[in-house]
>>> print(open('structure34.cif').read())   # mmCIF, N, CA and C atoms
data_model
#
loop_
_atom_site.label_atom_id
_atom_site.label_comp_id
_atom_site.auth_asym_id
_atom_site.auth_seq_id
_atom_site.Cartn_x
_atom_site.Cartn_y
_atom_site.Cartn_z
N VAL X 1 70.07 17.01 -112.56
CA VAL X 1 70.17 17.08 -111.12
C VAL X 1 70.96 18.32 -110.77
N GLY X 2 70.48 19.08 -109.83
CA GLY X 2 71.12 20.34 -109.48
C GLY X 2 71.90 20.25 -108.20
N ASN X 3 72.54 21.35 -107.87
CA ASN X 3 73.27 21.46 -106.62
C ASN X 3 72.39 22.16 -105.61
N CYS X 4 72.49 21.76 -104.36
CA CYS X 4 71.66 22.38 -103.35
C CYS X 4 72.33 22.31 -102.00
N MET X 5 71.74 23.00 -101.05
CA MET X 5 72.20 22.97 -99.67
C MET X 5 71.08 22.36 -98.84
N ASN X 6 71.32 21.27 -98.19
CA ASN X 6 70.31 20.64 -97.35
C ASN X 6 70.50 21.17 -95.94
N THR X 7 69.48 21.80 -95.40
CA THR X 7 69.58 22.40 -94.08
C THR X 7 68.93 21.55 -93.00
N GLY X 8 68.44 20.36 -93.35
CA GLY X 8 67.75 19.52 -92.39
C GLY X 8 68.69 18.68 -91.56
N LEU X 9 68.19 18.17 -90.45
CA LEU X 9 68.96 17.29 -89.59
C LEU X 9 69.03 15.88 -90.16
N ASN X 10 67.98 15.47 -90.85
CA ASN X 10 67.92 14.14 -91.44
C ASN X 10 67.85 14.29 -92.95
N GLU X 11 68.97 14.13 -93.61
CA GLU X 11 69.04 14.38 -95.05
C GLU X 11 68.23 13.38 -95.85
N GLU X 12 67.79 12.28 -95.23
CA GLU X 12 67.02 11.28 -95.97
C GLU X 12 65.56 11.68 -96.12
N MET X 13 65.09 12.67 -95.39
CA MET X 13 63.69 13.08 -95.47
C MET X 13 63.34 13.59 -96.86
N ILE X 14 64.12 14.54 -97.37
CA ILE X 14 63.96 15.07 -98.71
C ILE X 14 65.31 14.94 -99.36
N SER X 15 65.38 14.23 -100.44
CA SER X 15 66.67 13.97 -101.08
C SER X 15 67.21 15.21 -101.76
N ALA X 16 68.53 15.30 -101.81
CA ALA X 16 69.18 16.37 -102.55
C ALA X 16 69.12 16.13 -104.05
N ASP X 17 68.58 14.98 -104.46
CA ASP X 17 68.40 14.70 -105.88
C ASP X 17 67.10 15.33 -106.33
N TYR X 18 67.19 16.31 -107.20
CA TYR X 18 66.01 17.00 -107.69
C TYR X 18 66.29 17.46 -109.10
N SER X 19 65.23 17.84 -109.80
CA SER X 19 65.40 18.44 -111.12
C SER X 19 64.23 19.37 -111.40
N VAL X 20 64.47 20.33 -112.26
CA VAL X 20 63.45 21.24 -112.75
C VAL X 20 63.43 21.04 -114.26
N ILE X 21 62.28 20.61 -114.79
CA ILE X 21 62.19 20.27 -116.21
C ILE X 21 61.08 21.09 -116.86
N PRO X 22 61.30 21.81 -117.92
CA PRO X 22 62.61 22.19 -118.45
C PRO X 22 63.22 23.31 -117.62
N ASN X 23 64.49 23.50 -117.76
CA ASN X 23 65.19 24.55 -117.04
C ASN X 23 66.14 25.23 -118.00
N PRO X 24 65.93 26.48 -118.36
CA PRO X 24 64.87 27.38 -117.89
C PRO X 24 63.51 27.02 -118.50
N PHE X 25 62.44 27.58 -117.92
CA PHE X 25 61.10 27.26 -118.40
C PHE X 25 60.34 28.53 -118.75
N ASN X 26 59.35 28.38 -119.66
CA ASN X 26 58.55 29.52 -120.08
C ASN X 26 57.25 29.62 -119.29
N GLU X 27 56.37 28.65 -119.42
CA GLU X 27 55.06 28.73 -118.78
C GLU X 27 54.93 27.81 -117.56
N THR X 28 55.37 26.56 -117.69
CA THR X 28 55.29 25.62 -116.58
C THR X 28 56.57 24.81 -116.49
N ALA X 29 56.83 24.31 -115.29
CA ALA X 29 57.97 23.43 -115.06
C ALA X 29 57.53 22.34 -114.10
N ILE X 30 58.16 21.20 -114.22
CA ILE X 30 57.91 20.11 -113.29
C ILE X 30 59.11 20.04 -112.35
N LEU X 31 58.85 20.17 -111.05
CA LEU X 31 59.89 19.99 -110.04
C LEU X 31 59.81 18.55 -109.59
N LYS X 32 60.89 17.81 -109.80
CA LYS X 32 60.94 16.40 -109.40
C LYS X 32 61.93 16.27 -108.26
N PHE X 33 61.56 15.51 -107.25
CA PHE X 33 62.40 15.33 -106.08
C PHE X 33 62.08 13.97 -105.48
N ARG X 34 62.92 13.51 -104.59
CA ARG X 34 62.68 12.23 -103.93
C ARG X 34 62.25 12.50 -102.50
N ASN X 35 61.01 12.26 -102.20
CA ASN X 35 60.45 12.45 -100.87
C ASN X 35 60.20 11.07 -100.28
N ILE X 36 61.02 10.67 -99.33
CA ILE X 36 60.87 9.33 -98.76
C ILE X 36 60.17 9.37 -97.41
N THR X 37 59.45 10.43 -97.16
CA THR X 37 58.66 10.54 -95.94
C THR X 37 57.18 10.60 -96.30
N THR X 38 56.33 10.36 -95.36
CA THR X 38 54.90 10.46 -95.60
C THR X 38 54.39 11.86 -95.30
N GLU X 39 55.27 12.74 -94.81
CA GLU X 39 54.87 14.10 -94.50
C GLU X 39 54.55 14.89 -95.76
N LYS X 40 53.59 15.80 -95.66
CA LYS X 40 53.30 16.72 -96.76
C LYS X 40 54.42 17.75 -96.82
N LEU X 41 54.68 18.26 -98.01
CA LEU X 41 55.75 19.23 -98.22
C LEU X 41 55.18 20.61 -98.49
N THR X 42 55.99 21.61 -98.25
CA THR X 42 55.67 23.00 -98.57
C THR X 42 56.74 23.51 -99.52
N LEU X 43 56.30 24.19 -100.58
CA LEU X 43 57.23 24.79 -101.54
C LEU X 43 57.12 26.31 -101.42
N LYS X 44 58.28 26.94 -101.23
CA LYS X 44 58.37 28.40 -101.24
C LYS X 44 59.38 28.78 -102.32
N VAL X 45 59.04 29.79 -103.12
CA VAL X 45 59.94 30.29 -104.15
C VAL X 45 60.21 31.75 -103.85
N PHE X 46 61.50 32.09 -103.79
CA PHE X 46 61.93 33.45 -103.50
C PHE X 46 62.69 34.02 -104.68
N ASP X 47 62.59 35.34 -104.90
CA ASP X 47 63.46 35.97 -105.88
C ASP X 47 64.81 36.20 -105.20
N LEU X 48 65.80 36.67 -105.94
CA LEU X 48 67.14 36.82 -105.37
C LEU X 48 67.22 37.81 -104.22
N PRO X 49 66.45 38.91 -104.22
CA PRO X 49 66.47 39.78 -103.04
C PRO X 49 65.81 39.15 -101.80
N GLY X 50 65.17 37.98 -101.94
CA GLY X 50 64.61 37.29 -100.81
C GLY X 50 63.12 37.46 -100.61
N GLN X 51 62.44 38.07 -101.57
CA GLN X 51 61.00 38.26 -101.47
C GLN X 51 60.29 36.96 -101.84
N LEU X 52 59.34 36.53 -100.99
CA LEU X 52 58.55 35.34 -101.27
C LEU X 52 57.60 35.65 -102.42
N ILE X 53 57.70 34.86 -103.51
CA ILE X 53 56.84 35.13 -104.67
C ILE X 53 55.88 33.98 -104.97
N PHE X 54 56.09 32.82 -104.32
CA PHE X 54 55.18 31.69 -104.53
C PHE X 54 55.20 30.83 -103.29
N TYR X 55 54.01 30.33 -102.91
CA TYR X 55 53.88 29.47 -101.74
C TYR X 55 52.83 28.40 -102.02
N LYS X 56 53.16 27.16 -101.74
CA LYS X 56 52.20 26.07 -101.89
C LYS X 56 52.47 25.05 -100.79
N SER X 57 51.42 24.70 -100.04
CA SER X 57 51.57 23.70 -98.98
C SER X 57 50.82 22.43 -99.35
N ASP X 58 50.96 21.43 -98.52
CA ASP X 58 50.29 20.14 -98.68
C ASP X 58 50.64 19.42 -99.98
N ILE X 59 51.89 19.47 -100.36
CA ILE X 59 52.36 18.77 -101.56
C ILE X 59 52.73 17.35 -101.16
N SER X 60 52.22 16.39 -101.90
CA SER X 60 52.59 15.00 -101.65
C SER X 60 53.17 14.42 -102.94
N GLY X 61 53.78 13.28 -102.81
CA GLY X 61 54.36 12.65 -103.99
C GLY X 61 55.79 13.08 -104.23
N ASN X 62 56.23 12.92 -105.47
CA ASN X 62 57.62 13.18 -105.83
C ASN X 62 57.79 14.23 -106.92
N GLU X 63 56.71 14.94 -107.27
CA GLU X 63 56.83 16.00 -108.25
C GLU X 63 55.72 17.01 -108.07
N PHE X 64 55.96 18.20 -108.60
CA PHE X 64 55.00 19.28 -108.51
C PHE X 64 55.10 20.12 -109.78
N GLN X 65 53.95 20.47 -110.36
CA GLN X 65 53.95 21.34 -111.54
C GLN X 65 53.87 22.78 -111.09
N LEU X 66 54.86 23.57 -111.45
CA LEU X 66 54.92 24.99 -111.11
C LEU X 66 54.54 25.80 -112.33
N ASP X 67 53.48 26.57 -112.21
CA ASP X 67 53.07 27.48 -113.28
C ASP X 67 53.76 28.81 -113.07
N ARG X 68 54.33 29.34 -114.12
CA ARG X 68 55.10 30.58 -114.02
C ARG X 68 54.25 31.75 -113.55
N GLY X 69 53.01 31.83 -114.02
CA GLY X 69 52.13 32.91 -113.59
C GLY X 69 52.77 34.27 -113.81
N ARG X 70 52.91 35.03 -112.74
CA ARG X 70 53.48 36.39 -112.82
C ARG X 70 54.98 36.43 -112.57
N MET X 71 55.60 35.28 -112.46
CA MET X 71 57.05 35.25 -112.23
C MET X 71 57.78 35.80 -113.44
N LYS X 72 58.67 36.75 -113.21
CA LYS X 72 59.47 37.32 -114.28
C LYS X 72 60.62 36.38 -114.60
N SER X 73 61.23 36.57 -115.76
CA SER X 73 62.42 35.81 -116.09
C SER X 73 63.51 36.14 -115.08
N GLY X 74 64.26 35.14 -114.67
CA GLY X 74 65.33 35.38 -113.71
C GLY X 74 65.69 34.13 -112.94
N LEU X 75 66.48 34.33 -111.90
CA LEU X 75 66.92 33.25 -111.03
C LEU X 75 66.07 33.25 -109.77
N TYR X 76 65.76 32.06 -109.27
CA TYR X 76 64.92 31.92 -108.10
C TYR X 76 65.50 30.92 -107.13
N ILE X 77 65.14 31.08 -105.87
CA ILE X 77 65.55 30.17 -104.81
C ILE X 77 64.33 29.35 -104.42
N PHE X 78 64.47 28.03 -104.45
CA PHE X 78 63.39 27.12 -104.10
C PHE X 78 63.66 26.58 -102.70
N ASN X 79 62.63 26.54 -101.86
CA ASN X 79 62.72 25.94 -100.54
C ASN X 79 61.60 24.91 -100.45
N LEU X 80 61.98 23.66 -100.35
CA LEU X 80 61.05 22.56 -100.23
C LEU X 80 61.21 22.01 -98.82
N SER X 81 60.14 21.99 -98.04
CA SER X 81 60.31 21.64 -96.62
C SER X 81 59.15 20.82 -96.08
N THR X 82 59.48 20.10 -94.99
CA THR X 82 58.47 19.49 -94.14
C THR X 82 58.34 20.45 -92.96
N GLY X 83 57.70 20.04 -91.89
CA GLY X 83 57.58 20.91 -90.74
C GLY X 83 58.91 21.24 -90.07
N THR X 84 59.90 20.36 -90.18
CA THR X 84 61.15 20.54 -89.45
C THR X 84 62.40 20.49 -90.32
N ARG X 85 62.29 20.10 -91.57
CA ARG X 85 63.48 19.95 -92.42
C ARG X 85 63.24 20.62 -93.77
N SER X 86 64.33 21.10 -94.38
CA SER X 86 64.14 21.74 -95.67
C SER X 86 65.32 21.51 -96.61
N LEU X 87 65.01 21.63 -97.88
CA LEU X 87 65.98 21.55 -98.96
C LEU X 87 65.93 22.89 -99.66
N VAL X 88 67.06 23.59 -99.72
CA VAL X 88 67.10 24.92 -100.32
C VAL X 88 67.96 24.84 -101.56
N ASN X 89 67.45 25.41 -102.65
CA ASN X 89 68.21 25.47 -103.89
C ASN X 89 67.99 26.82 -104.52
#
>>> encode(input="structure34.cif", output="structure tokens")
Amino acid sequence: VGNCMNTGLNEEMISADYSVIPNPFNETAILKFRNITTEKLTLKVFDLPGQLIFYKSDISGNEFQLDRGRMKSGLYIFNLSTGTRSLVN
């Protein structure tokens, strides 16, 4: 379980409990989170300078498989959001 900053008004929408397995990862990783809403989620991945490098919408459930693709080794910022609330890590 990692540390994160929840920027939403209702922290129960997307839980701050999440994990990236394995971390660090080579080819694929599973992002696990607790989504207690019926809303679809959007995942945005940014590099440290803030450039958007991955975007996926309409995520449902409690996990998502992220393929590394062209992502270079390094640190990334994940933003998991509904239309009005987000979890940033």
>>> closest_residue(input="structure34.cif", among="X:Leu48, X:Leu43, X:Leu66, X:Ile53", to="Ile30 (chain X)", atoms="only C-alpha atoms")
X:Leu66
>>> residues_around(input="structure34.cif", residues="Ala29 (chain X)", least_positions_apart="4", cutoff="6 Å", atoms="only C-alpha atoms", output="mmCIF file with N, CA and C atoms, in the coordinates of the input")
data_model
loop_
_atom_site.group_PDB
_atom_site.id
_atom_site.type_symbol
_atom_site.label_atom_id
_atom_site.label_comp_id
_atom_site.auth_asym_id
_atom_site.auth_seq_id
_atom_site.Cartn_x
_atom_site.Cartn_y
_atom_site.Cartn_z
ATOM 1 N N ILE X 21 62.280 20.610 -114.790
ATOM 2 C CA ILE X 21 62.190 20.270 -116.210
ATOM 3 C C ILE X 21 61.080 21.090 -116.860
ATOM 4 N N PRO X 22 61.300 21.810 -117.920
ATOM 5 C CA PRO X 22 62.610 22.190 -118.450
ATOM 6 C C PRO X 22 63.220 23.310 -117.620
ATOM 7 N N PHE X 25 62.440 27.580 -117.920
ATOM 8 C CA PHE X 25 61.100 27.260 -118.400
ATOM 9 C C PHE X 25 60.340 28.530 -118.750
ATOM 10 N N GLN X 65 53.950 20.470 -110.360
ATOM 11 C CA GLN X 65 53.950 21.340 -111.540
ATOM 12 C C GLN X 65 53.870 22.780 -111.090
ATOM 13 N N LEU X 66 54.860 23.570 -111.450
ATOM 14 C CA LEU X 66 54.920 24.990 -111.110
ATOM 15 C C LEU X 66 54.540 25.800 -112.330
#
>>> closest_residue(input="structure34.cif", among="X:Val45, X:Phe33, X:Thr38, X:Pro24", to="Phe78 (chain X)", atoms="only N, CA and C atoms")
X:Val45
>>> resolve_selection(input="structure34.cif", expression="the PyMOL selection byres (((chain X and resi 50 and name CA) around 12) and name CA)", output="PDB file with N, CA and C atoms, in the frame of the given file")
ATOM      1  N   LYS X  44      58.280  26.940-101.230  1.00  0.00           N
ATOM      2  CA  LYS X  44      58.370  28.400-101.240  1.00  0.00           C
ATOM      3  C   LYS X  44      59.380  28.780-102.320  1.00  0.00           C
ATOM      4  N   VAL X  45      59.040  29.790-103.120  1.00  0.00           N
ATOM      5  CA  VAL X  45      59.940  30.290-104.150  1.00  0.00           C
ATOM      6  C   VAL X  45      60.210  31.750-103.850  1.00  0.00           C
ATOM      7  N   PHE X  46      61.500  32.090-103.790  1.00  0.00           N
ATOM      8  CA  PHE X  46      61.930  33.450-103.500  1.00  0.00           C
ATOM      9  C   PHE X  46      62.690  34.020-104.680  1.00  0.00           C
ATOM     10  N   ASP X  47      62.590  35.340-104.900  1.00  0.00           N
ATOM     11  CA  ASP X  47      63.460  35.970-105.880  1.00  0.00           C
ATOM     12  C   ASP X  47      64.810  36.200-105.200  1.00  0.00           C
ATOM     13  N   LEU X  48      65.800  36.670-105.940  1.00  0.00           N
ATOM     14  CA  LEU X  48      67.140  36.820-105.370  1.00  0.00           C
ATOM     15  C   LEU X  48      67.220  37.810-104.220  1.00  0.00           C
ATOM     16  N   PRO X  49      66.450  38.910-104.220  1.00  0.00           N
ATOM     17  CA  PRO X  49      66.470  39.780-103.040  1.00  0.00           C
ATOM     18  C   PRO X  49      65.810  39.150-101.800  1.00  0.00           C
ATOM     19  N   GLN X  51      62.440  38.070-101.570  1.00  0.00           N
ATOM     20  CA  GLN X  51      61.000  38.260-101.470  1.00  0.00           C
ATOM     21  C   GLN X  51      60.290  36.960-101.840  1.00  0.00           C
ATOM     22  N   LEU X  52      59.340  36.530-100.990  1.00  0.00           N
ATOM     23  CA  LEU X  52      58.550  35.340-101.270  1.00  0.00           C
ATOM     24  C   LEU X  52      57.600  35.650-102.420  1.00  0.00           C
ATOM     25  N   ILE X  53      57.700  34.860-103.510  1.00  0.00           N
ATOM     26  CA  ILE X  53      56.840  35.130-104.670  1.00  0.00           C
ATOM     27  C   ILE X  53      55.880  33.980-104.970  1.00  0.00           C
ATOM     28  N   PHE X  54      56.090  32.820-104.320  1.00  0.00           N
ATOM     29  CA  PHE X  54      55.180  31.690-104.530  1.00  0.00           C
ATOM     30  C   PHE X  54      55.200  30.830-103.290  1.00  0.00           C
ATOM     31  N   LEU X  75      66.480  34.330-111.900  1.00  0.00           N
ATOM     32  CA  LEU X  75      66.920  33.250-111.030  1.00  0.00           C
ATOM     33  C   LEU X  75      66.070  33.250-109.770  1.00  0.00           C
ATOM     34  N   TYR X  76      65.760  32.060-109.270  1.00  0.00           N
ATOM     35  CA  TYR X  76      64.920  31.920-108.100  1.00  0.00           C
ATOM     36  C   TYR X  76      65.500  30.920-107.130  1.00  0.00           C
ATOM     37  N   ILE X  77      65.140  31.080-105.870  1.00  0.00           N
ATOM     38  CA  ILE X  77      65.550  30.170-104.810  1.00  0.00           C
ATOM     39  C   ILE X  77      64.330  29.350-104.420  1.00  0.00           C
ATOM     40  N   PHE X  78      64.470  28.030-104.450  1.00  0.00           N
ATOM     41  CA  PHE X  78      63.390  27.120-104.100  1.00  0.00           C
ATOM     42  C   PHE X  78      63.660  26.580-102.700  1.00  0.00           C
ATOM     43  N   ASN X  79      62.630  26.540-101.860  1.00  0.00           N
ATOM     44  CA  ASN X  79      62.720  25.940-100.540  1.00  0.00           C
ATOM     45  C   ASN X  79      61.600  24.910-100.450  1.00  0.00           C
TER      46      ASN X  79
END
>>> axis_aligned_box(input="structure34.cif", around="region 36-43 of chain X", padding_each_side="4 Å", output="JSON")
{"center_x": 57.2, "center_y": 17.8, "center_z": -98.0, "size_x": 15.7, "size_y": 25.0, "size_z": 15.0}
>>> closest_residue(input="structure34.cif", among="X:Thr28, X:Ser81, X:Asn62, X:Ser19", to="Leu41 (chain X)", atoms="all atoms listed in the file")
X:Ser81
>>> atom_distance(input="structure34.cif", atom1="CA of Lys56 (chain X)", atom2="CA of Asn35 (chain X)")
16.0 Å
